[in-house]
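Shown next, in structure tokens, is the structure this report addresses.
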Amino acid sequence: TVLPIMQKVSEAYMAANPNVQIALSGGGSGNGIKALRDKMTDVAMSSRDLKDKEKKDFEAHGINPVKIPVALDAIIPVVSPKNSVASLTMEQLRDLFAGKIKNWKELGGADAPVVVVGRDSSSGTFESWQELVMGKTRVSQRALLQSSSGGVVQAVAGNPNIGVGYLDSQIKGLVVNGVQPGAKTAQDGTWPISRELYLFTSGQPQGDAKKLVDYTLSAEGQQFVSKSGFVPLK
């Protein structure tokens with residue numbers, strides 16, 4: 001999730017600082033956090049906070065992880081533009097992803113089977129969706145879980161029967177609990193499925209890593225948050 005932001009930030013930072021090279025990789029928040037613990041990266045991107053077991057793992061390795069919020073994100077359930085359903089309640093959304101609602105006609109849509117697509121379990125988006133939407137209910141085992149947000153978008157864009165938790169111009173965002181999705185409702189706290197996005201470092205960031213973090217939080221860096229479709233902190 002954080003990858004599009006840091007791609008733009010890194011490109012601009014390297015252009016202004018040609019002596020600095022930034023190697024960037026996605027693949028899920030859990031993988032980034034593990035890479036930080038294994039000292040394979042200086043900065044980890046994550047769309048969720050650390051789990052208790054991860055905190056204990058860092059402690060066992062003598063590492064003090066520092067969490068740095070860099071953006072806000074509204075997780076938006078989406079469907080193909082061909083899907084007539086435009087609004088859901090949180091309960092309906094939970095029942096869709098749990099597999100309890102099996103046909104779109106139950107929600108006022110076409111007589112067509114529901115296909116659910118989401119991120120895989122190594123993704124912070126998956127974790128956040130579980131916490132913010134599902135609660136103690138698990139996502140259906142029949143859901144098609146993708147290893148990237150881009151894969152999710154491609155799966156949803158061409159299928160009018162698919163629903164998911166990621167927004168792109170190729171797909172239609174749904175109103176939830178009567179609230180329109182977007183930057184304004186994420187900032188004012190009325191959007192029910194929102195979260196912070198983070199960078200993590202081992203201890204307080206130092207040297208070039210600190211300069212990169214500071215640039216991300218600067219007014220210039222925060223513009224790339226907006227350009228990536230997310231919500232700046234200020």
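Just so we're on the same page: first chain in the structure tokens is A, next is B, and so on; residues restart at 1 for each chain, and ligands are numbered from 1 in the order they show up.
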Inset, instruction - Per DSSP on the backbone, filter range 43-185 of chain A down to the residues in alpha helix (DSSP H) and report them as an MDAnalysis selection string. - result: chainID A and resid 52:60 90:98 124:129 149:157 183:185
Using only C-alpha atoms, what does the table of range 56-175 of chain A residues within 10 Å of range 204-225 of chain A look like, with each row giving the shortest atom pair and its distance in Å to one decimal, sorted by chain and ascending number, as JSON lines?
```
{"residue": "A:Asn64", "atom": "CA", "partner": "A:Gln204", "partner_atom": "CA", "distance": 8.5}
{"residue": "A:Pro65", "atom": "CA", "partner": "A:Gln204", "partner_atom": "CA", "distance": 8.1}
{"residue": "A:Val66", "atom": "CA", "partner": "A:Gln204", "partner_atom": "CA", "distance": 6.2}
{"residue": "A:Lys67", "atom": "CA", "partner": "A:Gln204", "partner_atom": "CA", "distance": 9.2}
{"residue": "A:Ile68", "atom": "CA", "partner": "A:Val213", "partner_atom": "CA", "distance": 8.3}
{"residue": "A:Pro69", "atom": "CA", "partner": "A:Leu217", "partner_atom": "CA", "distance": 8.7}
{"residue": "A:Val70", "atom": "CA", "partner": "A:Leu217", "partner_atom": "CA", "distance": 6.2}
{"residue": "A:Ala71", "atom": "CA", "partner": "A:Val225", "partner_atom": "CA", "distance": 6.7}
{"residue": "A:Leu72", "atom": "CA", "partner": "A:Val225", "partner_atom": "CA", "distance": 8.8}
{"residue": "A:Asp73", "atom": "CA", "partner": "A:Val225", "partner_atom": "CA", "distance": 9.8}
```
File of the preceding selection, all heavy atoms, as a PDB file, in the first residue's frame:
```pdb
ATOM      1  N   ASN A  64      15.081  -1.736  18.601  1.00  0.00           N
ATOM      2  CA  ASN A  64      13.987  -0.870  19.032  1.00  0.00           C
ATOM      3  C   ASN A  64      13.321  -0.254  17.798  1.00  0.00           C
ATOM      4  O   ASN A  64      13.823   0.727  17.247  1.00  0.00           O
ATOM      5  CB  ASN A  64      14.512   0.244  19.951  1.00  0.00           C
ATOM      6  CG  ASN A  64      13.413   1.242  20.307  1.00  0.00           C
ATOM      7  OD1 ASN A  64      12.262   0.868  20.468  1.00  0.00           O
ATOM      8  ND2 ASN A  64      13.781   2.514  20.420  1.00  0.00           N
ATOM      9  N   PRO A  65      12.202  -0.830  17.325  1.00  0.00           N
ATOM     10  CA  PRO A  65      11.552  -0.301  16.117  1.00  0.00           C
ATOM     11  C   PRO A  65      10.867   1.041  16.404  1.00  0.00           C
ATOM     12  O   PRO A  65      10.185   1.189  17.416  1.00  0.00           O
ATOM     13  CB  PRO A  65      10.526  -1.376  15.756  1.00  0.00           C
ATOM     14  CG  PRO A  65      10.213  -2.049  17.066  1.00  0.00           C
ATOM     15  CD  PRO A  65      11.467  -1.980  17.887  1.00  0.00           C
ATOM     16  N   VAL A  66      11.075   2.005  15.528  1.00  0.00           N
ATOM     17  CA  VAL A  66      10.446   3.326  15.655  1.00  0.00           C
ATOM     18  C   VAL A  66       9.409   3.485  14.546  1.00  0.00           C
ATOM     19  O   VAL A  66       9.716   3.299  13.368  1.00  0.00           O
ATOM     20  CB  VAL A  66      11.503   4.439  15.576  1.00  0.00           C
ATOM     21  CG1 VAL A  66      10.833   5.812  15.539  1.00  0.00           C
ATOM     22  CG2 VAL A  66      12.460   4.352  16.759  1.00  0.00           C
ATOM     23  N   LYS A  67       8.189   3.819  14.950  1.00  0.00           N
ATOM     24  CA  LYS A  67       7.057   3.960  14.012  1.00  0.00           C
ATOM     25  C   LYS A  67       6.883   5.424  13.633  1.00  0.00           C
ATOM     26  O   LYS A  67       6.799   6.289  14.494  1.00  0.00           O
ATOM     27  CB  LYS A  67       5.786   3.424  14.675  1.00  0.00           C
ATOM     28  CG  LYS A  67       4.530   3.579  13.839  1.00  0.00           C
ATOM     29  CD  LYS A  67       3.324   2.988  14.557  1.00  0.00           C
ATOM     30  CE  LYS A  67       2.943   3.799  15.786  1.00  0.00           C
ATOM     31  NZ  LYS A  67       1.744   3.267  16.455  1.00  0.00           N
ATOM     32  N   ILE A  68       6.811   5.684  12.314  1.00  0.00           N
ATOM     33  CA  ILE A  68       6.692   7.054  11.813  1.00  0.00           C
ATOM     34  C   ILE A  68       5.477   7.140  10.877  1.00  0.00           C
ATOM     35  O   ILE A  68       5.536   6.662   9.739  1.00  0.00           O
ATOM     36  CB  ILE A  68       7.966   7.469  11.053  1.00  0.00           C
ATOM     37  CG1 ILE A  68       9.198   7.278  11.958  1.00  0.00           C
ATOM     38  CG2 ILE A  68       7.856   8.914  10.578  1.00  0.00           C
ATOM     39  CD1 ILE A  68      10.487   7.081  11.201  1.00  0.00           C
ATOM     40  N   PRO A  69       4.355   7.722  11.328  1.00  0.00           N
ATOM     41  CA  PRO A  69       3.216   7.908  10.421  1.00  0.00           C
ATOM     42  C   PRO A  69       3.585   8.870   9.295  1.00  0.00           C
ATOM     43  O   PRO A  69       4.188   9.917   9.545  1.00  0.00           O
ATOM     44  CB  PRO A  69       2.130   8.512  11.331  1.00  0.00           C
ATOM     45  CG  PRO A  69       2.552   8.186  12.730  1.00  0.00           C
ATOM     46  CD  PRO A  69       4.054   8.183  12.698  1.00  0.00           C
ATOM     47  N   VAL A  70       3.226   8.497   8.054  1.00  0.00           N
ATOM     48  CA  VAL A  70       3.555   9.349   6.906  1.00  0.00           C
ATOM     49  C   VAL A  70       2.337   9.727   6.068  1.00  0.00           C
ATOM     50  O   VAL A  70       2.413  10.630   5.228  1.00  0.00           O
ATOM     51  CB  VAL A  70       4.611   8.687   5.990  1.00  0.00           C
ATOM     52  CG1 VAL A  70       5.942   8.568   6.721  1.00  0.00           C
ATOM     53  CG2 VAL A  70       4.150   7.325   5.494  1.00  0.00           C
ATOM     54  N   ALA A  71       1.199   9.054   6.284  1.00  0.00           N
ATOM     55  CA  ALA A  71       0.009   9.337   5.474  1.00  0.00           C
ATOM     56  C   ALA A  71      -1.209   8.706   6.128  1.00  0.00           C
ATOM     57  O   ALA A  71      -1.097   7.897   7.058  1.00  0.00           O
ATOM     58  CB  ALA A  71       0.179   8.785   4.054  1.00  0.00           C
ATOM     59  N   LEU A  72      -2.375   9.093   5.618  1.00  0.00           N
ATOM     60  CA  LEU A  72      -3.632   8.453   5.997  1.00  0.00           C
ATOM     61  C   LEU A  72      -4.176   7.716   4.778  1.00  0.00           C
ATOM     62  O   LEU A  72      -3.954   8.126   3.646  1.00  0.00           O
ATOM     63  CB  LEU A  72      -4.659   9.492   6.462  1.00  0.00           C
ATOM     64  CG  LEU A  72      -4.317  10.311   7.709  1.00  0.00           C
ATOM     65  CD1 LEU A  72      -5.337  11.428   7.901  1.00  0.00           C
ATOM     66  CD2 LEU A  72      -4.266   9.420   8.928  1.00  0.00           C
ATOM     67  N   ASP A  73      -4.899   6.656   5.034  1.00  0.00           N
ATOM     68  CA  ASP A  73      -5.462   5.855   3.948  1.00  0.00           C
ATOM     69  C   ASP A  73      -6.900   5.513   4.259  1.00  0.00           C
ATOM     70  O   ASP A  73      -7.219   5.088   5.373  1.00  0.00           O
ATOM     71  CB  ASP A  73      -4.644   4.562   3.786  1.00  0.00           C
ATOM     72  CG  ASP A  73      -5.181   3.671   2.676  1.00  0.00           C
ATOM     73  OD1 ASP A  73      -5.835   4.196   1.760  1.00  0.00           O
ATOM     74  OD2 ASP A  73      -4.941   2.460   2.719  1.00  0.00           O
TER      75      ASP A  73
END
```
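Among the candidate residues A:Asn83, A:Glu131, A:Leu107, A:Ser202, the one lying nearest to Gly158 in chain A is A:Asn83, with distances computed using only C-alpha atoms.
Checking A:Ala74, A:Val9, A:Val133, A:Val79 one by one against Arg94 in chain A, counting only C-alpha atoms, you find the shortest gap at A:Val133.
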Inset, instruction - Give me the residues within 12 Å of Asp111 in chain A as a ChimeraX atom specification, counting only C-alpha atoms and dropping any in the same chain fewer than 2 places off. - result: /A:83-85,102-109,113-114,160-161
Generate a file of the selected residues that holds all heavy atoms, formatted as a compact mmCIF listing (two decimals), in the first residue's frame.
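So the final result, stored in part.txt, reads:
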```txt
# COMPACT_ATOMS: atom_id res chain seq x y z
N ASN A 83 -21.20 -2.94 -12.13
CA ASN A 83 -22.01 -3.42 -11.01
C ASN A 83 -22.92 -2.29 -10.53
O ASN A 83 -22.45 -1.19 -10.23
CB ASN A 83 -21.08 -3.89 -9.88
CG ASN A 83 -21.80 -4.66 -8.79
OD1 ASN A 83 -22.90 -4.31 -8.40
ND2 ASN A 83 -21.17 -5.71 -8.29
N SER A 84 -24.22 -2.54 -10.44
CA SER A 84 -25.18 -1.49 -10.10
C SER A 84 -25.21 -1.15 -8.62
O SER A 84 -25.75 -0.12 -8.22
CB SER A 84 -26.59 -1.90 -10.55
OG SER A 84 -27.00 -3.08 -9.87
N VAL A 85 -24.65 -2.01 -7.77
CA VAL A 85 -24.63 -1.73 -6.32
C VAL A 85 -23.71 -0.54 -6.05
O VAL A 85 -22.59 -0.49 -6.54
CB VAL A 85 -24.16 -2.97 -5.53
CG1 VAL A 85 -23.99 -2.63 -4.05
CG2 VAL A 85 -25.16 -4.10 -5.69
N LYS A 102 -24.20 -14.38 -1.00
CA LYS A 102 -23.64 -15.11 -2.13
C LYS A 102 -24.08 -14.59 -3.49
O LYS A 102 -23.53 -14.99 -4.51
CB LYS A 102 -23.99 -16.60 -2.01
CG LYS A 102 -23.43 -17.28 -0.75
CD LYS A 102 -23.74 -18.76 -0.77
CE LYS A 102 -23.25 -19.54 0.42
NZ LYS A 102 -22.34 -18.94 1.34
N ASN A 103 -25.11 -13.72 -3.50
CA ASN A 103 -25.64 -13.22 -4.78
C ASN A 103 -25.90 -11.72 -4.65
O ASN A 103 -26.42 -11.26 -3.63
CB ASN A 103 -26.93 -13.95 -5.14
CG ASN A 103 -27.33 -13.73 -6.59
OD1 ASN A 103 -27.61 -12.62 -7.02
ND2 ASN A 103 -27.37 -14.82 -7.36
N TRP A 104 -25.53 -10.97 -5.71
CA TRP A 104 -25.69 -9.52 -5.65
C TRP A 104 -27.15 -9.09 -5.55
O TRP A 104 -27.45 -7.97 -5.12
CB TRP A 104 -25.04 -8.88 -6.88
CG TRP A 104 -23.54 -8.86 -6.79
CD1 TRP A 104 -22.66 -9.66 -7.47
CD2 TRP A 104 -22.73 -8.03 -5.96
NE1 TRP A 104 -21.37 -9.39 -7.11
CE2 TRP A 104 -21.37 -8.38 -6.18
CE3 TRP A 104 -23.01 -7.02 -5.04
CZ2 TRP A 104 -20.32 -7.75 -5.53
CZ3 TRP A 104 -21.96 -6.38 -4.39
CH2 TRP A 104 -20.64 -6.76 -4.63
N LYS A 105 -28.09 -9.96 -5.95
CA LYS A 105 -29.51 -9.59 -5.87
C LYS A 105 -29.94 -9.40 -4.42
O LYS A 105 -30.92 -8.69 -4.14
CB LYS A 105 -30.38 -10.62 -6.57
CG LYS A 105 -30.46 -11.98 -5.90
CD LYS A 105 -31.36 -12.93 -6.68
CE LYS A 105 -31.45 -14.30 -6.02
NZ LYS A 105 -32.30 -15.25 -6.81
N GLU A 106 -29.21 -10.01 -3.46
CA GLU A 106 -29.51 -9.81 -2.04
C GLU A 106 -29.23 -8.38 -1.60
O GLU A 106 -29.70 -7.94 -0.54
CB GLU A 106 -28.68 -10.78 -1.19
CG GLU A 106 -28.95 -12.26 -1.47
CD GLU A 106 -28.02 -13.15 -0.67
OE1 GLU A 106 -28.01 -13.03 0.58
OE2 GLU A 106 -27.30 -13.97 -1.28
N LEU A 107 -28.46 -7.66 -2.41
CA LEU A 107 -28.11 -6.26 -2.11
C LEU A 107 -28.74 -5.30 -3.10
O LEU A 107 -28.35 -4.14 -3.19
CB LEU A 107 -26.59 -6.10 -2.13
CG LEU A 107 -25.82 -6.97 -1.12
CD1 LEU A 107 -24.32 -6.89 -1.40
CD2 LEU A 107 -26.12 -6.53 0.30
N GLY A 108 -29.73 -5.78 -3.86
CA GLY A 108 -30.41 -4.94 -4.83
C GLY A 108 -29.72 -4.88 -6.17
O GLY A 108 -30.09 -4.06 -7.03
N GLY A 109 -28.73 -5.73 -6.38
CA GLY A 109 -28.01 -5.74 -7.64
C GLY A 109 -28.53 -6.81 -8.59
O GLY A 109 -29.65 -7.32 -8.44
N PRO A 113 -23.61 -14.27 -9.06
CA PRO A 113 -22.86 -14.69 -7.88
C PRO A 113 -21.81 -13.65 -7.47
O PRO A 113 -21.22 -12.99 -8.31
CB PRO A 113 -22.20 -16.00 -8.34
CG PRO A 113 -22.10 -15.87 -9.83
CD PRO A 113 -23.32 -15.11 -10.24
N VAL A 114 -21.60 -13.53 -6.18
CA VAL A 114 -20.57 -12.64 -5.64
C VAL A 114 -19.21 -13.35 -5.69
O VAL A 114 -19.10 -14.50 -5.27
CB VAL A 114 -20.88 -12.24 -4.19
CG1 VAL A 114 -19.70 -11.49 -3.57
CG2 VAL A 114 -22.15 -11.40 -4.12
N PRO A 160 -17.88 -7.69 -13.42
CA PRO A 160 -18.94 -6.96 -12.73
C PRO A 160 -19.41 -7.62 -11.44
O PRO A 160 -20.15 -7.02 -10.66
CB PRO A 160 -20.07 -6.91 -13.77
CG PRO A 160 -19.82 -8.09 -14.65
CD PRO A 160 -18.32 -8.22 -14.71
N ASN A 161 -18.98 -8.85 -11.16
CA ASN A 161 -19.46 -9.57 -9.98
C ASN A 161 -18.47 -9.58 -8.83
O ASN A 161 -18.68 -10.25 -7.83
CB ASN A 161 -19.80 -11.03 -10.36
CG ASN A 161 -20.82 -11.09 -11.47
OD1 ASN A 161 -21.70 -10.25 -11.55
ND2 ASN A 161 -20.69 -12.08 -12.34
```
Inset, instruction - With a distance cut-off of 7 Å and only C-alpha atoms, select the neighbouring residues of Pro181 in chain A, excluding the residue or stretch itself and same-chain residues fewer than 6 positions from it, and output the selection as number ranges by chain. - result: A: 76, 175, 191
Inset, instruction - Quick one: everything within 10 Å of Lys227 in chain A, counting only C-alpha atoms, minus sequence neighbours fewer than 4 positions away in the same chain. Send it as JSON, numbers by chain. - result: {"A": [4, 5, 8, 222, 223, 231, 232]}
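Of the listed residues A:Ala35, A:Leu93, A:Met45, A:Leu3, the one whose atoms come nearest to Tyr198 in chain A is A:Met45, with distances taken using only C-alpha atoms.
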Legend entry - Atomic separation - CA of Gln180 in chain A relative to CA of Ser80 in chain A, Å: 17.1 Å
Inset, instruction - From range 30-227 of chain A, collect each residue whose DSSP state is strand (DSSP E) and return the set as an NGL selection string. - result: :A and (43-46 or 65-74 or 78-79 or 87-88 or 115-119 or 144-146 or 162-164 or 172-173 or 175-176 or 194-202)
Could you save the residues just selected, with N, CA and C atoms, as a compact mmCIF listing (two decimals), in the first residue's frame?
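Result went into selection_37.txt, see below:
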```txt
# COMPACT_ATOMS: atom_id res chain seq x y z
N VAL A 43 14.75 1.06 6.12
CA VAL A 43 13.41 1.61 6.35
C VAL A 43 12.39 0.59 5.86
N ALA A 44 11.40 0.29 6.68
CA ALA A 44 10.33 -0.63 6.28
C ALA A 44 9.03 0.15 6.09
N MET A 45 8.30 -0.19 5.03
CA MET A 45 6.98 0.39 4.79
C MET A 45 5.93 -0.55 5.39
N SER A 46 4.90 0.03 6.01
CA SER A 46 3.85 -0.82 6.57
C SER A 46 2.53 -0.06 6.62
N PRO A 65 12.20 -0.83 17.32
CA PRO A 65 11.55 -0.30 16.12
C PRO A 65 10.87 1.04 16.40
N VAL A 66 11.07 2.01 15.53
CA VAL A 66 10.45 3.33 15.65
C VAL A 66 9.41 3.48 14.55
N LYS A 67 8.19 3.82 14.95
CA LYS A 67 7.06 3.96 14.01
C LYS A 67 6.88 5.42 13.63
N ILE A 68 6.81 5.68 12.31
CA ILE A 68 6.69 7.05 11.81
C ILE A 68 5.48 7.14 10.88
N PRO A 69 4.35 7.72 11.33
CA PRO A 69 3.22 7.91 10.42
C PRO A 69 3.58 8.87 9.29
N VAL A 70 3.23 8.50 8.05
CA VAL A 70 3.55 9.35 6.91
C VAL A 70 2.34 9.73 6.07
N ALA A 71 1.20 9.05 6.28
CA ALA A 71 0.01 9.34 5.47
C ALA A 71 -1.21 8.71 6.13
N LEU A 72 -2.37 9.09 5.62
CA LEU A 72 -3.63 8.45 6.00
C LEU A 72 -4.18 7.72 4.78
N ASP A 73 -4.90 6.66 5.03
CA ASP A 73 -5.46 5.85 3.95
C ASP A 73 -6.90 5.51 4.26
N ALA A 74 -7.76 5.73 3.30
CA ALA A 74 -9.13 5.23 3.38
C ALA A 74 -9.19 3.94 2.58
N VAL A 78 -14.54 -1.80 -3.46
CA VAL A 78 -14.81 -1.40 -4.84
C VAL A 78 -15.45 -2.55 -5.62
N VAL A 79 -16.11 -2.15 -6.68
CA VAL A 79 -16.70 -3.10 -7.63
C VAL A 79 -16.42 -2.59 -9.03
N SER A 87 -23.95 1.27 -2.68
CA SER A 87 -23.86 1.59 -1.26
C SER A 87 -24.09 0.35 -0.41
N LEU A 88 -23.31 0.23 0.67
CA LEU A 88 -23.43 -0.90 1.59
C LEU A 88 -23.32 -0.41 3.02
N VAL A 115 -18.21 -12.66 -6.21
CA VAL A 115 -16.83 -13.13 -6.14
C VAL A 115 -16.05 -12.09 -5.34
N VAL A 116 -15.40 -12.52 -4.27
CA VAL A 116 -14.67 -11.59 -3.40
C VAL A 116 -13.17 -11.68 -3.69
N VAL A 117 -12.54 -10.52 -3.84
CA VAL A 117 -11.09 -10.45 -4.05
C VAL A 117 -10.50 -9.53 -2.98
N GLY A 118 -9.36 -9.90 -2.44
CA GLY A 118 -8.69 -9.05 -1.46
C GLY A 118 -7.20 -9.34 -1.44
N ARG A 119 -6.49 -8.69 -0.52
CA ARG A 119 -5.05 -8.91 -0.38
C ARG A 119 -4.80 -10.17 0.43
N LEU A 144 -10.58 -14.68 -3.36
CA LEU A 144 -9.39 -14.74 -4.21
C LEU A 144 -8.39 -13.72 -3.69
N LEU A 145 -7.36 -14.19 -3.00
CA LEU A 145 -6.40 -13.30 -2.36
C LEU A 145 -5.21 -13.04 -3.28
N GLN A 146 -4.88 -11.76 -3.45
CA GLN A 146 -3.84 -11.34 -4.39
C GLN A 146 -2.60 -10.87 -3.63
N ILE A 162 -17.36 -8.83 -8.99
CA ILE A 162 -16.30 -8.87 -7.98
C ILE A 162 -16.34 -7.63 -7.09
N GLY A 163 -16.06 -7.83 -5.80
CA GLY A 163 -15.92 -6.73 -4.86
C GLY A 163 -14.64 -6.88 -4.08
N VAL A 164 -14.06 -5.75 -3.60
CA VAL A 164 -12.73 -5.79 -3.00
C VAL A 164 -12.49 -4.56 -2.13
N LYS A 172 -15.12 1.17 -9.25
CA LYS A 172 -16.06 2.08 -8.58
C LYS A 172 -16.02 1.88 -7.07
N GLY A 173 -15.77 2.97 -6.35
CA GLY A 173 -15.79 2.92 -4.89
C GLY A 173 -17.22 2.95 -4.37
N VAL A 175 -20.15 3.63 -1.39
CA VAL A 175 -20.53 4.36 -0.18
C VAL A 175 -20.72 3.34 0.94
N VAL A 176 -20.22 3.65 2.15
CA VAL A 176 -20.36 2.74 3.29
C VAL A 176 -21.01 3.48 4.45
N SER A 194 -10.61 3.62 7.86
CA SER A 194 -9.40 4.40 7.59
C SER A 194 -8.31 4.03 8.58
N ARG A 195 -7.07 4.37 8.23
CA ARG A 195 -5.91 3.97 9.02
C ARG A 195 -4.73 4.88 8.69
N GLU A 196 -3.70 4.82 9.52
CA GLU A 196 -2.45 5.49 9.21
C GLU A 196 -1.54 4.55 8.43
N LEU A 197 -0.65 5.15 7.63
CA LEU A 197 0.39 4.41 6.93
C LEU A 197 1.74 4.80 7.53
N TYR A 198 2.66 3.83 7.63
CA TYR A 198 3.88 4.06 8.41
C TYR A 198 5.16 3.76 7.64
N LEU A 199 6.24 4.36 8.12
CA LEU A 199 7.59 3.89 7.91
C LEU A 199 8.11 3.43 9.27
N PHE A 200 8.90 2.37 9.29
CA PHE A 200 9.55 1.90 10.51
C PHE A 200 11.06 1.91 10.31
N THR A 201 11.79 2.29 11.37
CA THR A 201 13.24 2.21 11.35
C THR A 201 13.71 1.50 12.62
N SER A 202 14.92 1.00 12.59
CA SER A 202 15.53 0.40 13.78
C SER A 202 16.16 1.51 14.61
```
Inset, instruction - Within 10 Å of Ile63 in chain A, counting only C-alpha atoms, which residues show up once you throw out same-chain ones fewer than 2 positions away? Write them as number ranges by chain, please. - result: A: 36-39, 55-61, 65-66, 201-203
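Between CA of Gly229 in chain A and CA of Thr1 in chain A lies a distance of 10.6 Å.
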